[in-house]
Amino acid sequence: MFQDAIEKVLQFTRPLHSISRTYGGLILPGSSTFFFVNGEGVAVTCRHVAEMIPAAENINQHYQRFKVERNNLSGPGKKQLQALEQRYQYLPESTIQLKNNFLNCFDTIREIACHTHPTLDLAILEFKGFNKVFYTSHARFLKDSTKIKQGMSLCRIGYPFPEFSNFRYNQEMDDIEWTNTGNPNSPSFPMDGIVTRFVANSPNDGISGIEMSTPGLRGQSGGPLFDTNGVVYGMQYATNHLHLGFDLHGHDIISNGKRMKVSNNPFLHVGLCVHADKIKAFLREKNIRFSEADH
């Protein structure tokens, strides 16, 4: 049903790959999604995704200051290092480095201007300083939102399962870095569903979101919600967990030839998407060009 639409949408939808390093030494790959709204290097994504851009600089600078002080310790005393770790609030699970990579967008990026929405999980990214553009189309938003009805089938796409491996820890530099070896890509992953309900942040704000019958997966945040023609209806930003009430406690079952008791508290996981009208209003507020389509 959505195969042709997915091909269209992937022309302007891109992954953001991230690598983070904990103080305990773990390197964790992560991914999220953004999509372009015009041919001038402007994209939209979630606010919580866009916030990783300035956060990376702050986290990395914080660790650089820590390294300078650590290297200047007067002796090998364990107490001195522990005091420094406490002052920097570093625990084994603390993130000490974060680096982002915007894939297959431009030949080079000098700057990214981020505009975050004051109340919605929505942000605009303005990429600057590029010479070549590698995405080949841009989003067309639904013009008449009254056409969005309960029960209609829509699809989301993003990059929820990070399979990329083109990174490493450089022990000599005490740094994580991107490499030219390993797998640089992660596959896109679509998730269809039907419109279940509409979301309003407040009674006076009108409809701000669309609820879908299936979850938005981690990494699909910032990905488009679209119809069978590839027209964009919204943007995935969160998943809500609805308690179904079909709780089981000490329920007898037979599994692998054995009788056992199980307990279960089931939830329905529903995806939440920022409504296209809210995205278009924010783009207009920032004087950013975008396209619309009837269907």
# chains A, B, ... in the order shown; residues from 1 in each chain; ligands from 1

$ residues_around --residues "A:Ser20" --least-positions-apart "2" --cutoff "6 Å" --atoms "only C-alpha atoms" --output "ChimeraX atom specification"
/A:27-28,97-98

$ closest_atom_pairs --of "stretch 15-37 of chain A" --to "stretch 223-244 of chain A" --cutoff "7 Å" --atoms "only C-alpha atoms" --output "Markdown table"
| residue | atom | partner | partner_atom | distance |
| --- | --- | --- | --- | --- |
| A:Thr33 | CA | A:Gly223 | CA | 5.1 |
| A:Phe34 | CA | A:Gly223 | CA | 5.6 |
| A:Phe35 | CA | A:Gly223 | CA | 6.6 |

$ write_last_selection --atoms "all heavy atoms" --output "PDB file, in the first residue's frame"
ATOM      1  N   THR A  33      15.657  10.945  13.380  1.00  0.00           N
ATOM      2  CA  THR A  33      15.231  11.219  12.014  1.00  0.00           C
ATOM      3  C   THR A  33      14.905  12.699  11.834  1.00  0.00           C
ATOM      4  O   THR A  33      14.506  13.370  12.787  1.00  0.00           O
ATOM      5  CB  THR A  33      13.986  10.363  11.681  1.00  0.00           C
ATOM      6  OG1 THR A  33      14.259   8.990  12.011  1.00  0.00           O
ATOM      7  CG2 THR A  33      13.623  10.440  10.210  1.00  0.00           C
ATOM      8  N   PHE A  34      15.089  13.198  10.626  1.00  0.00           N
ATOM      9  CA  PHE A  34      14.651  14.542  10.260  1.00  0.00           C
ATOM     10  C   PHE A  34      14.292  14.517   8.776  1.00  0.00           C
ATOM     11  O   PHE A  34      14.691  13.613   8.038  1.00  0.00           O
ATOM     12  CB  PHE A  34      15.729  15.595  10.551  1.00  0.00           C
ATOM     13  CG  PHE A  34      17.039  15.362   9.845  1.00  0.00           C
ATOM     14  CD1 PHE A  34      17.378  16.077   8.705  1.00  0.00           C
ATOM     15  CD2 PHE A  34      17.957  14.435  10.330  1.00  0.00           C
ATOM     16  CE1 PHE A  34      18.579  15.873   8.057  1.00  0.00           C
ATOM     17  CE2 PHE A  34      19.170  14.212   9.680  1.00  0.00           C
ATOM     18  CZ  PHE A  34      19.482  14.938   8.545  1.00  0.00           C
ATOM     19  N   PHE A  35      13.504  15.504   8.332  1.00  0.00           N
ATOM     20  CA  PHE A  35      13.162  15.539   6.912  1.00  0.00           C
ATOM     21  C   PHE A  35      13.111  16.975   6.417  1.00  0.00           C
ATOM     22  O   PHE A  35      12.777  17.900   7.154  1.00  0.00           O
ATOM     23  CB  PHE A  35      11.856  14.783   6.609  1.00  0.00           C
ATOM     24  CG  PHE A  35      10.612  15.343   7.248  1.00  0.00           C
ATOM     25  CD1 PHE A  35       9.792  16.234   6.554  1.00  0.00           C
ATOM     26  CD2 PHE A  35      10.234  14.967   8.534  1.00  0.00           C
ATOM     27  CE1 PHE A  35       8.622  16.730   7.131  1.00  0.00           C
ATOM     28  CE2 PHE A  35       9.076  15.459   9.111  1.00  0.00           C
ATOM     29  CZ  PHE A  35       8.264  16.347   8.410  1.00  0.00           C
TER      30      PHE A  35
END

$ closest_residue --among "A:Cys273, A:Ala293, A:Met260, A:Leu248" --to "A:Asp121" --atoms "only C-alpha atoms"
A:Cys273

$ select_by_dssp --residues "stretch 9-70 of chain A" --states "strand (DSSP E or B)" --output "PyMOL selection string"
chain A and resi 13-22+27-36+42-45

$ write_last_selection --atoms "N, CA, C and O atoms" --output "compact mmCIF listing (two decimals), in the first residue's frame"
# COMPACT_ATOMS: atom_id res chain seq x y z
N THR A 13 13.96 12.30 3.50
CA THR A 13 14.07 11.91 4.91
C THR A 13 15.46 11.37 5.17
O THR A 13 15.96 10.54 4.40
N ARG A 14 16.08 11.80 6.26
CA ARG A 14 17.46 11.42 6.53
C ARG A 14 17.67 11.02 8.00
O ARG A 14 16.95 11.47 8.88
N PRO A 15 18.69 10.18 8.24
CA PRO A 15 19.01 9.80 9.62
C PRO A 15 20.03 10.73 10.26
O PRO A 15 20.92 11.27 9.58
N LEU A 16 19.88 10.90 11.55
CA LEU A 16 20.92 11.53 12.37
C LEU A 16 21.54 10.42 13.20
O LEU A 16 20.87 9.82 14.04
N HIS A 17 22.81 10.13 12.95
CA HIS A 17 23.54 9.14 13.73
C HIS A 17 24.29 9.83 14.87
O HIS A 17 24.89 10.89 14.67
N SER A 18 24.24 9.21 16.02
CA SER A 18 24.91 9.77 17.20
C SER A 18 25.74 8.67 17.88
O SER A 18 25.33 7.51 17.89
N ILE A 19 26.86 9.07 18.43
CA ILE A 19 27.63 8.17 19.29
C ILE A 19 27.89 8.90 20.60
O ILE A 19 28.22 10.09 20.61
N SER A 20 27.70 8.19 21.69
CA SER A 20 27.97 8.76 23.00
C SER A 20 28.88 7.81 23.77
O SER A 20 28.89 6.60 23.53
N ARG A 21 29.62 8.38 24.69
CA ARG A 21 30.55 7.60 25.50
C ARG A 21 30.30 7.89 26.96
O ARG A 21 30.16 9.06 27.35
N THR A 22 30.20 6.84 27.75
CA THR A 22 30.01 7.01 29.19
C THR A 22 31.36 7.10 29.89
O THR A 22 32.39 6.67 29.34
N ILE A 27 30.60 2.85 24.57
CA ILE A 27 30.29 3.67 23.41
C ILE A 27 28.95 3.20 22.87
O ILE A 27 28.78 2.03 22.51
N LEU A 28 27.98 4.10 22.84
CA LEU A 28 26.60 3.75 22.52
C LEU A 28 26.17 4.43 21.22
O LEU A 28 26.16 5.67 21.16
N PRO A 29 25.81 3.67 20.18
CA PRO A 29 25.28 4.27 18.97
C PRO A 29 23.79 4.58 19.13
O PRO A 29 23.07 3.86 19.83
N GLY A 30 23.33 5.64 18.51
CA GLY A 30 21.91 6.00 18.54
C GLY A 30 21.52 6.66 17.23
O GLY A 30 22.38 7.10 16.45
N SER A 31 20.23 6.70 16.96
CA SER A 31 19.77 7.31 15.72
C SER A 31 18.45 8.03 15.93
O SER A 31 17.70 7.71 16.86
N SER A 32 18.19 8.98 15.09
CA SER A 32 16.91 9.70 15.05
C SER A 32 16.70 10.15 13.61
O SER A 32 17.47 9.79 12.72
N THR A 33 15.66 10.94 13.38
CA THR A 33 15.23 11.22 12.01
C THR A 33 14.90 12.70 11.83
O THR A 33 14.51 13.37 12.79
N PHE A 34 15.09 13.20 10.63
CA PHE A 34 14.65 14.54 10.26
C PHE A 34 14.29 14.52 8.78
O PHE A 34 14.69 13.61 8.04
N PHE A 35 13.50 15.50 8.33
CA PHE A 35 13.16 15.54 6.91
C PHE A 35 13.11 16.97 6.42
O PHE A 35 12.78 17.90 7.15
N PHE A 36 13.46 17.14 5.14
CA PHE A 36 13.61 18.47 4.54
C PHE A 36 12.28 18.99 4.01
O PHE A 36 11.46 18.24 3.46
N VAL A 42 16.60 23.39 4.67
CA VAL A 42 15.83 23.52 5.91
C VAL A 42 15.05 22.23 6.17
O VAL A 42 14.37 21.72 5.26
N ALA A 43 15.15 21.73 7.38
CA ALA A 43 14.49 20.49 7.76
C ALA A 43 13.73 20.69 9.06
O ALA A 43 13.94 21.67 9.78
N VAL A 44 12.86 19.74 9.36
CA VAL A 44 12.17 19.72 10.65
C VAL A 44 12.47 18.41 11.35
O VAL A 44 12.74 17.39 10.71
N THR A 45 12.43 18.45 12.66
CA THR A 45 12.62 17.28 13.49
C THR A 45 11.98 17.56 14.85
O THR A 45 11.30 18.58 15.03

$ select_by_dssp --residues "stretch 5-201 of chain A" --states "alpha helix (DSSP H)" --output "JSON, numbers by chain"
{"A": [5, 6, 7, 8, 9, 47, 48, 49, 50, 52, 53, 54, 55, 56, 57, 58, 59, 60, 61, 62, 63, 64, 65, 66, 67, 68, 69, 70, 71, 78, 79, 80, 81, 82, 83, 84, 85, 86, 87]}

$ atom_distance --atom1 "atom CA of A:Ser213" --atom2 "atom CA of A:His138"
26.5 Å

$ residues_around --residues "A:Ser186" --least-positions-apart "5" --cutoff "10 Å" --atoms "only C-alpha atoms" --output "compact mmCIF listing (two decimals) with N, CA, C and O atoms, in the first residue's frame"
# COMPACT_ATOMS: atom_id res chain seq x y z
N PRO A 15 18.69 10.18 8.24
CA PRO A 15 19.01 9.80 9.62
C PRO A 15 20.03 10.73 10.26
O PRO A 15 20.92 11.27 9.58
N HIS A 17 22.81 10.13 12.95
CA HIS A 17 23.54 9.14 13.73
C HIS A 17 24.29 9.83 14.87
O HIS A 17 24.89 10.89 14.67
N SER A 31 20.23 6.70 16.96
CA SER A 31 19.77 7.31 15.72
C SER A 31 18.45 8.03 15.93
O SER A 31 17.70 7.71 16.86
N GLY A 158 11.41 6.09 9.66
CA GLY A 158 12.56 6.67 10.36
C GLY A 158 13.67 5.64 10.43
O GLY A 158 13.70 4.67 9.66
N TYR A 159 14.56 5.82 11.38
CA TYR A 159 15.76 4.98 11.48
C TYR A 159 15.92 4.49 12.93
O TYR A 159 16.82 4.91 13.65
N PRO A 160 15.03 3.55 13.35
CA PRO A 160 14.99 3.19 14.77
C PRO A 160 16.04 2.19 15.21
O PRO A 160 16.24 2.04 16.41
N PHE A 161 16.66 1.48 14.30
CA PHE A 161 17.59 0.42 14.71
C PHE A 161 18.98 0.74 14.18
O PHE A 161 19.31 0.43 13.04
N PRO A 162 19.81 1.37 15.01
CA PRO A 162 21.14 1.79 14.53
C PRO A 162 22.06 0.60 14.30
O PRO A 162 22.46 -0.09 15.24
N GLU A 163 22.39 0.35 13.04
CA GLU A 163 23.30 -0.73 12.69
C GLU A 163 24.66 -0.22 12.25
O GLU A 163 25.56 -1.01 11.94
N PHE A 164 24.83 1.10 12.23
CA PHE A 164 26.11 1.65 11.76
C PHE A 164 27.23 1.31 12.73
O PHE A 164 27.02 1.19 13.95
N SER A 165 28.42 1.12 12.17
CA SER A 165 29.58 0.74 13.00
C SER A 165 30.83 1.52 12.63
O SER A 165 31.94 1.10 12.98

$ residues_around --residues "A:Val199" --least-positions-apart "3" --cutoff "7 Å" --atoms "only C-alpha atoms" --output "mmCIF file with N, CA, C and O atoms, in the first residue's frame"
data_model
loop_
_atom_site.group_PDB
_atom_site.id
_atom_site.type_symbol
_atom_site.label_atom_id
_atom_site.label_comp_id
_atom_site.auth_asym_id
_atom_site.auth_seq_id
_atom_site.Cartn_x
_atom_site.Cartn_y
_atom_site.Cartn_z
ATOM 1 N N ILE A 207 -6.254 21.427 17.926
ATOM 2 C CA ILE A 207 -5.600 20.137 17.715
ATOM 3 C C ILE A 207 -4.120 20.348 17.409
ATOM 4 O O ILE A 207 -3.761 21.103 16.500
ATOM 5 N N SER A 208 -3.274 19.685 18.164
ATOM 6 C CA SER A 208 -1.831 19.826 17.972
ATOM 7 C C SER A 208 -1.176 18.526 17.519
ATOM 8 O O SER A 208 -0.033 18.546 17.063
ATOM 9 N N GLY A 209 -1.889 17.406 17.663
ATOM 10 C CA GLY A 209 -1.257 16.142 17.328
ATOM 11 C C GLY A 209 -2.238 15.101 16.832
ATOM 12 O O GLY A 209 -3.455 15.247 16.928
ATOM 13 N N ILE A 210 -1.677 14.024 16.279
ATOM 14 C CA ILE A 210 -2.432 12.890 15.761
ATOM 15 C C ILE A 210 -1.938 11.641 16.476
ATOM 16 O O ILE A 210 -0.730 11.376 16.514
ATOM 17 N N GLU A 211 -2.877 10.874 17.026
ATOM 18 C CA GLU A 211 -2.531 9.612 17.675
ATOM 19 C C GLU A 211 -2.720 8.466 16.689
ATOM 20 O O GLU A 211 -3.720 8.404 15.978
#

$ closest_residue --among "A:Arg87, A:Glu69, A:Leu81, A:Gln3" --to "A:Met191" --atoms "only C-alpha atoms"
A:Gln3

$ closest_residue --among "A:Asn101, A:Ser291, A:Asn204, A:Thr181" --to "A:Ala276" --atoms "only C-alpha atoms"
A:Ser291

$ closest_atom_pairs --of "stretch 88-178 of chain A" --to "stretch 50-59 of chain A" --cutoff "9 Å" --atoms "only C-alpha atoms" --output "tab-separated table"
residue	atom	partner	partner_atom	distance
A:Thr95	CA	A:Ile59	CA	7.6
A:Ile96	CA	A:Ile59	CA	6.0
A:Gln97	CA	A:Ile59	CA	5.9
A:Leu98	CA	A:Ala56	CA	4.9
A:Lys99	CA	A:Ala56	CA	6.0
A:Asn100	CA	A:Ile53	CA	7.3
A:Ile112	CA	A:Ile53	CA	8.4
A:Cys114	CA	A:Ala50	CA	6.7
A:His115	CA	A:Ala50	CA	8.5
A:Thr116	CA	A:Ala50	CA	7.7
A:Leu122	CA	A:Ala50	CA	8.5
A:Ala123	CA	A:Ala50	CA	6.4
A:Ile124	CA	A:Ala50	CA	8.0
A:Leu125	CA	A:Ala50	CA	7.5

$ write_last_selection --atoms "N, CA and C atoms" --output "PDB file, in the first residue's frame"
ATOM      1  N   THR A  95      27.285  10.495  30.692  1.00  0.00           N
ATOM      2  CA  THR A  95      27.731  10.751  29.325  1.00  0.00           C
ATOM      3  C   THR A  95      28.808  11.819  29.339  1.00  0.00           C
ATOM      4  N   ILE A  96      29.961  11.492  28.783  1.00  0.00           N
ATOM      5  CA  ILE A  96      31.072  12.447  28.781  1.00  0.00           C
ATOM      6  C   ILE A  96      31.411  12.935  27.375  1.00  0.00           C
ATOM      7  N   GLN A  97      30.917  12.233  26.354  1.00  0.00           N
ATOM      8  CA  GLN A  97      31.124  12.673  24.979  1.00  0.00           C
ATOM      9  C   GLN A  97      29.885  12.348  24.156  1.00  0.00           C
ATOM     10  N   LEU A  98      29.574  13.217  23.194  1.00  0.00           N
ATOM     11  CA  LEU A  98      28.447  13.016  22.296  1.00  0.00           C
ATOM     12  C   LEU A  98      28.800  13.634  20.948  1.00  0.00           C
ATOM     13  N   LYS A  99      28.667  12.854  19.888  1.00  0.00           N
ATOM     14  CA  LYS A  99      28.971  13.361  18.553  1.00  0.00           C
ATOM     15  C   LYS A  99      27.848  12.958  17.594  1.00  0.00           C
ATOM     16  N   ASN A 100      27.489  13.888  16.695  1.00  0.00           N
ATOM     17  CA  ASN A 100      26.379  13.690  15.774  1.00  0.00           C
ATOM     18  C   ASN A 100      26.871  13.711  14.333  1.00  0.00           C
ATOM     19  N   ILE A 112      24.567  24.926  11.923  1.00  0.00           N
ATOM     20  CA  ILE A 112      23.167  24.500  11.963  1.00  0.00           C
ATOM     21  C   ILE A 112      22.437  25.422  12.932  1.00  0.00           C
ATOM     22  N   CYS A 114      19.190  26.221  14.971  1.00  0.00           N
ATOM     23  CA  CYS A 114      18.058  25.462  15.517  1.00  0.00           C
ATOM     24  C   CYS A 114      16.995  26.416  16.043  1.00  0.00           C
ATOM     25  N   HIS A 115      15.761  26.221  15.605  1.00  0.00           N
ATOM     26  CA  HIS A 115      14.622  26.976  16.123  1.00  0.00           C
ATOM     27  C   HIS A 115      13.686  25.968  16.798  1.00  0.00           C
ATOM     28  N   THR A 116      13.533  26.064  18.104  1.00  0.00           N
ATOM     29  CA  THR A 116      12.699  25.108  18.827  1.00  0.00           C
ATOM     30  C   THR A 116      11.353  25.733  19.172  1.00  0.00           C
ATOM     31  N   LEU A 122       8.892  20.048  18.601  1.00  0.00           N
ATOM     32  CA  LEU A 122       9.077  20.397  17.198  1.00  0.00           C
ATOM     33  C   LEU A 122      10.228  21.380  17.074  1.00  0.00           C
ATOM     34  N   ALA A 123      11.040  21.202  16.055  1.00  0.00           N
ATOM     35  CA  ALA A 123      12.157  22.116  15.826  1.00  0.00           C
ATOM     36  C   ALA A 123      12.432  22.231  14.338  1.00  0.00           C
ATOM     37  N   ILE A 124      13.005  23.355  13.953  1.00  0.00           N
ATOM     38  CA  ILE A 124      13.444  23.606  12.586  1.00  0.00           C
ATOM     39  C   ILE A 124      14.969  23.658  12.581  1.00  0.00           C
ATOM     40  N   LEU A 125      15.566  22.972  11.606  1.00  0.00           N
ATOM     41  CA  LEU A 125      17.018  22.993  11.438  1.00  0.00           C
ATOM     42  C   LEU A 125      17.353  23.706  10.135  1.00  0.00           C
TER      43      LEU A 125
END

$ residues_around --residues "A:Tyr23" --least-positions-apart "4" --cutoff "7 Å" --atoms "only C-alpha atoms" --output "PDB file with N, CA, C and O atoms, in the first residue's frame"
ATOM      1  N   TYR A  90      30.703  13.062  37.634  1.00  0.00           N
ATOM      2  CA  TYR A  90      30.919  11.938  36.741  1.00  0.00           C
ATOM      3  C   TYR A  90      30.745  10.621  37.496  1.00  0.00           C
ATOM      4  O   TYR A  90      31.473  10.327  38.449  1.00  0.00           O
ATOM      5  N   LEU A  91      29.767   9.843  37.051  1.00  0.00           N
ATOM      6  CA  LEU A  91      29.557   8.480  37.512  1.00  0.00           C
ATOM      7  C   LEU A  91      29.832   7.551  36.335  1.00  0.00           C
ATOM      8  O   LEU A  91      29.927   8.014  35.185  1.00  0.00           O
ATOM      9  N   PRO A  92      29.971   6.238  36.544  1.00  0.00           N
ATOM     10  CA  PRO A  92      30.251   5.340  35.420  1.00  0.00           C
ATOM     11  C   PRO A  92      29.262   5.469  34.267  1.00  0.00           C
ATOM     12  O   PRO A  92      29.626   5.330  33.101  1.00  0.00           O
ATOM     13  N   GLU A  93      27.979   5.774  34.581  1.00  0.00           N
ATOM     14  CA  GLU A  93      26.965   5.869  33.533  1.00  0.00           C
ATOM     15  C   GLU A  93      26.818   7.273  32.954  1.00  0.00           C
ATOM     16  O   GLU A  93      26.008   7.489  32.032  1.00  0.00           O
ATOM     17  N   SER A  94      27.591   8.237  33.439  1.00  0.00           N
ATOM     18  CA  SER A  94      27.486   9.616  32.953  1.00  0.00           C
ATOM     19  C   SER A  94      28.000   9.732  31.518  1.00  0.00           C
ATOM     20  O   SER A  94      29.034   9.153  31.158  1.00  0.00           O
ATOM     21  N   THR A  95      27.285  10.495  30.692  1.00  0.00           N
ATOM     22  CA  THR A  95      27.731  10.751  29.325  1.00  0.00           C
ATOM     23  C   THR A  95      28.808  11.819  29.339  1.00  0.00           C
ATOM     24  O   THR A  95      28.601  12.921  29.846  1.00  0.00           O
ATOM     25  N   ILE A  96      29.961  11.492  28.783  1.00  0.00           N
ATOM     26  CA  ILE A  96      31.072  12.447  28.781  1.00  0.00           C
ATOM     27  C   ILE A  96      31.411  12.935  27.375  1.00  0.00           C
ATOM     28  O   ILE A  96      32.121  13.929  27.217  1.00  0.00           O
TER      29      ILE A  96
END

$ closest_residue --among "A:Phe127, A:Leu268, A:Ile6, A:His48" --to "A:Phe189" --atoms "only C-alpha atoms"
A:Ile6

$ atom_distance --atom1 "atom CA of A:Pro203" --atom2 "atom CA of A:Gln150"
19.7 Å
